[in-house]
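Visitor: Supplied in structure tokens, the structure appears directly below.
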Amino acid sequence: MTLSPSRRARPLARAWVAVLALSAVVTVALGLASPAVADDDAASDASSIALTVAPSGAGVVSTSSALALTLSAYNPTLADLDAGAVHVTTSATALGDRAATRAWLSGDTGDGADASALARTETVLADTTLPRIASRATGATTISLDPAAFAARTPGVYPVRADYTTPQGVVTARTVLVVPGAGTGGSVSVVVPITAPALSTGLLTADELTTLTAPGGDLRSALDAVTGSTSVLAVDPAIVAAIRVLGSAAPASASAWLTDLMALPNPRFALQFGDADLATQITAGLGTPLEPLPLDPYMAARDFRAASGTPSAAPSPSPNSSSSAPDNLPTLAQLTDVGGTGDTVLWPATGTAGTETVRALASASSFTLIDSSAVTDAAAPAWATATDAGDARLLVYDADTSRALGAAAASEATPTRDAALAAASAYAQFAASDAGAGTLLVTVDRTAAAPSLRAALQTASSLAGRTAVADIAALTSGGAAPVTLHADAVDDQRVDELHTLLSDEGELQSFSSILADPTVLTSPERAAILQLIGNGWRTATADAAATAFTDHRTQTRDTLGAVAITPPVDITLAASSAPLSFSVRNDLRWPVSVVLFATRNDPRLIVQGTTPVEAGPSQNTRVQVPVQARVGSGESTLELQLRSATGVTIGDTVPVHVSVHAEWESVGLVIMITLVAALLILGIVRTVLKLRRRRAGASTPEAAPEAAPEAGEREDADG
């Protein structure tokens with residue numbers, strides 16, 4: 001199963017699936033079901049009404065059980081839809097091959113001989129009426145068919161058409177019925193992907209795991225669906241790694257899910273980390289697929305210590321900020337182990353791989369699981385070798401049947417699901433004819449969501465009356481048939497995006513040399529790249545994929561700019577020598593070691609060329625750089641640049657304008673000396689004058705006191 005596109009895109013994907021369910025539309029281009037198509041001569045308004053015709057029993061006619069057709073219509077308009085007649089027809093002429101079946105289901109039968117033959121032998125199956133349908137609601141009715149009507153027909157795939165007459169015009173839907181032939185024996189093997197949502201981060205967080213592995217969650221539902229089946233599991237190792245890196249802090253539901261997965265007896269193999277797109281990597285020029293780096297930054301030592309009775313703190317959704325790693329942390333191989341044994345199986349997305357990709361992936365110890373549309377031969381055997389791709393060992397699955405099973409698994413509405421299962425049964429008839437007594441290999445193709453996975457697996461386990469086997473090794477027990485492959489189907493946009501991501505990763509790797517443990521940046525970046533090129537984004541909306549790519553690039557540029565010199569203001573140097581102060585900004589969560597290079601553009605300045613800087617996490621660090629001036633006055637510029645210890649340039653060069661006025665130091669010194677001398681002289685003068693006054697006062701005789709007048713003199717005076 002492939003889950004919803006991303007934690008941001010997942011609600012949008014679920015809403016889209018719900019709309020598909022309500023409108024009962026399955027992708028026409030794949031020819032997987034019977035979406036509503038308006039006749040060329042119908043009014044344009046009728047094309048908005050979605051009609052589905054879906055047979056019971058996966059469309060296989062059986063004389064031992066009843067056959068029913070469900071007619072379902074969705075009214076997306078704002079007005080109620082009056083009851084309308086439905087005319088259901090079939091043809092006594094079977095569809096000749098899978099190409100004719102694809103054309104019929106897509107509504108593109110043309111005006112050729114096949115269309116004429118179908119029209120000439122057209123017969124009526126039933127006439128009925130769909131009841132009144134309210135605005136933005138779905139109406140349905142069921143028709144019981146007599147299986148005896150098909151008893152005299154030769155085995156084959158027969159077309160069914162339903163014409164729904166509405167006030168807006170006639171709406172047409174198509175499906176198929178399969179009249180099985182005598183059993184040819186043989187077996188069928190089904191491969192089921194168990195994949196994570198399309199992510200733009202390296203690993204699922206604890207909260208996301210809780211949601212996905214809880215009852216009703218996508219991962220839990222997928223595991224429940226495959227339990228008891230004979231399916232071969234293709235497991236994304238990023239899921240099990242996301243659980244294991246949390247250690248004892250992993251959510252209980254996630255731990256239980258992992259235990260249940262590892263206990264299943266089903267054979268399984270590991271997809272590439274994040275289910276990364278193999279064909280895009282090879283087309284981008286990579287000789288071998290990318291591998292994840294050690295995931296130590298995601299682990300906290302406290303979560304791997306022996307139980308102490310103390311609950312672990314809630315894990316961070318981002319890589320651990322601690323660079324220390326205890327010896328008991330699990331290795332990358334242990335974290336990504338999905339169980340199972342045997343050869344490696346590489347699985348490119350359906351419709352992407354061809355000669356070039358298969359040749360690059362060829363290995364004596366691995367198989368490439370490839371879809372039949374990549375094979376040029378008329379019949380694609382399940383076990384083959386491709387001489388034109390370096391004798392690569394191939395496991396070839398039927399593309400048409402697998403797409404139909406994927407569409408059925410993704411359907412939430414029963415009519416849509418049943419229509420897709422009927423298409424799967426039809427394509428399997430042709431695939432079984434090609435396989436003969438050999439094993440038929442199919443997959444539940446990658447989809448955005450898989451709410452109907454169990455129903456799809458039940459149909460897949462008995463396709464074309466075959467017996468399900470859960471052993472890929474049985475496919476390779478005999479001789480391999482030689483086949484020739486088409487060229488790769490190149491998606492230029494995805495290739496260009498991968499080139500961009502790898503270029504950014506190279507810059508980030510160089511930048512990380514300022515850290516004591518570079519893996520705290522490089523490991524999450526590699527994991528995120530693998531997720532961003534994951535096949536899950538192929539089923540997401542184009543806008544969601546573009547947003548994820550752009551957001552990641554923005555985050556990378558922010559990281560590369562997290563350590564820089566804070567632009568200083570102009571500096572005035574008023575002395576012949578002095579330390580100049582600068583600031584280094586570190587927005588990272590880890591300490592960094594850098595070297596500040598100061599370059600002069602004027603020989604009249606002498607500056608210390610290199611200054612080591614130890615900048616703490618999430619802070620600004622002051623740095624002093626000694627400078628000397630050889631002139632008394634002038635204008636000059638310094639250029640500041642940060643580099644790692646290995647010489648990697650960090651951030652942009654920052655110019656600093658320096659105005660030198662070193663003569664002010666001499667002038668100031670003269671003034672200070674003059675002032676001091678003047679004060680000294682003034683003090684001496686005052687002291688001397690004071691001493692002279694004291695001496696003069698001491699040498700002057702004191703005047704005699706005036707005699708008091710006699711008594712007679714006082715009387716005369718009084719008189």
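Residue names in the structure tokens use chain letters A, B, ... in the order shown, residue numbers from 1 in each chain, and ligand numbers from 1 in the order shown.
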Give me the residues within 10 Å of range 534-536 of chain A as a PyMOL selection string, counting only C-alpha atoms and dropping any in the same chain fewer than 3 places off.
Guide: chain A and resi 2-6+195-200+272-278+280+348-350+446-449+528-531+539-540+545
Visitor: Got a sec: who's within 8 Å of Phe582 in chain A, counting only C-alpha atoms, leaving out chain neighbours fewer than 5 positions off, as an mmCIF file with N, CA and C atoms, in the first residue's frame?
Guide:
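That gives us around31.cif:
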```
data_model
loop_
_atom_site.group_PDB
_atom_site.id
_atom_site.type_symbol
_atom_site.label_atom_id
_atom_site.label_comp_id
_atom_site.auth_asym_id
_atom_site.auth_seq_id
_atom_site.Cartn_x
_atom_site.Cartn_y
_atom_site.Cartn_z
ATOM 1 N N ILE A 565 29.104 36.906 9.328
ATOM 2 C CA ILE A 565 29.602 38.091 10.022
ATOM 3 C C ILE A 565 28.492 39.134 10.030
ATOM 4 N N THR A 566 28.207 39.666 11.183
ATOM 5 C CA THR A 566 27.219 40.738 11.256
ATOM 6 C C THR A 566 27.824 41.996 10.634
ATOM 7 N N PRO A 568 29.329 45.290 10.092
ATOM 8 C CA PRO A 568 29.642 46.345 11.056
ATOM 9 C C PRO A 568 29.421 47.734 10.458
ATOM 10 N N ARG A 622 31.531 37.963 19.969
ATOM 11 C CA ARG A 622 32.400 39.100 19.676
ATOM 12 C C ARG A 622 33.803 38.612 19.367
ATOM 13 N N VAL A 623 34.409 39.249 18.366
ATOM 14 C CA VAL A 623 35.764 38.890 17.930
ATOM 15 C C VAL A 623 36.581 40.172 17.817
ATOM 16 N N GLN A 624 37.792 40.178 18.375
ATOM 17 C CA GLN A 624 38.664 41.341 18.290
ATOM 18 C C GLN A 624 39.845 41.028 17.382
ATOM 19 N N VAL A 625 40.092 41.951 16.454
ATOM 20 C CA VAL A 625 41.167 41.787 15.478
ATOM 21 C C VAL A 625 42.142 42.956 15.635
#
```
Visitor: Measuring between only C-alpha atoms, which one of A:Leu588, A:Met299, A:Ala284, A:Leu675 shows the shortest distance to Val495 in chain A?
Guide: A:Ala284
Visitor: Check range 116-187 of chain A with DSSP on the backbone and list each residue it calls helix (DSSP H, G or I), as a ChimeraX atom specification.
Guide: /A:116-120,147-150
Visitor: If you count only C-alpha atoms, which residues fall within 8 Å of Ser189 in chain A, apart from same-chain ones fewer than 4 positions away, as a ChimeraX atom specification?
Guide: /A:230-232,439-442,461,468-472
Visitor: Residues within 6 Å of Thr484 in chain A, please, as a ChimeraX atom specification. Count only C-alpha atoms; anything in the same chain fewer than 5 positions from it doesn't count.
Guide: /A:375-376,386
Visitor: Which residues in range 496-662 of chain A does DSSP call strand (DSSP E)? List them as a ChimeraX atom specification.
Guide: /A:563-565,571-573,577-586,592-600,605-607,610-615,619-629,633-643,649-661
Visitor: Measuring between only C-alpha atoms, which one of A:Thr554, A:Ser659, A:Thr385, A:Thr611 shows the shortest distance to Ile571 in chain A?
Guide: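 Once distances to Ile571 in chain A are computed over only C-alpha atoms, the minimum belongs to A:Ser659.
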Visitor: One number please: CA of Ser221 in chain A to CA of Pro451 in chain A, in Å, one decimal.
Guide: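 Atom-to-atom, CA of Ser221 in chain A to CA of Pro451 in chain A, that is 7.6 Å.
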Visitor: Give the answer as one residue: which of A:Gly96, A:Gly139, A:Gly59, A:Pro289 has the shortest atom-to-atom distance to Pro180 in chain A, using only C-alpha atoms?
Guide: A:Gly59
Visitor: May I have the residues within 10 Å of Pro591 in chain A as an mmCIF file with C-alpha atoms, in the first residue's frame, using only C-alpha atoms and disregarding those fewer than 4 positions away in the same chain?
Guide:
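Listed below is the output, result-v6.cif:
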```cif
data_model
loop_
_atom_site.group_PDB
_atom_site.id
_atom_site.type_symbol
_atom_site.label_atom_id
_atom_site.label_comp_id
_atom_site.auth_asym_id
_atom_site.auth_seq_id
_atom_site.Cartn_x
_atom_site.Cartn_y
_atom_site.Cartn_z
ATOM 1 C CA ILE A 514 32.458 24.029 10.780
ATOM 2 C CA LEU A 515 30.727 21.512 13.085
ATOM 3 C CA ALA A 516 32.338 19.024 15.412
ATOM 4 C CA ASN A 586 25.498 31.628 14.676
ATOM 5 C CA ASP A 587 21.819 30.699 14.287
ATOM 6 C CA GLU A 614 34.461 29.522 18.658
ATOM 7 C CA ALA A 615 30.860 30.636 18.221
ATOM 8 C CA GLY A 616 28.262 29.274 20.618
ATOM 9 C CA PRO A 617 24.875 27.964 19.451
ATOM 10 C CA SER A 618 22.103 30.461 18.736
ATOM 11 C CA GLN A 619 24.074 33.531 19.724
#
```
Visitor: Please provide the set of residues having any atom within 10 Å of Thr123 in chain A, restricted to only C-alpha atoms, with same-chain residues fewer than 4 positions apart removed, written as a list in words.
Guide: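 Selected residues are Val88, Thr89, Thr90, Ser91, Ala92, Leu118, Ala119 and Val160 of chain A.
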Visitor: Using only C-alpha atoms, can you tell me which of A:Pro131, A:Ser462, A:Glu507, A:Ile243 comes closest to Glu208 in chain A?
Guide: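 Result for the nearest residue to Glu208 in chain A: A:Ile243.
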Visitor: With only C-alpha atoms as the counted atoms, please give the residues lying no more than 12 Å from His499 in chain A, apart from itself and same-chain residues fewer than 4 positions off, as number ranges by chain.
Guide: A: 280-286, 492-495, 503-506, 529, 533
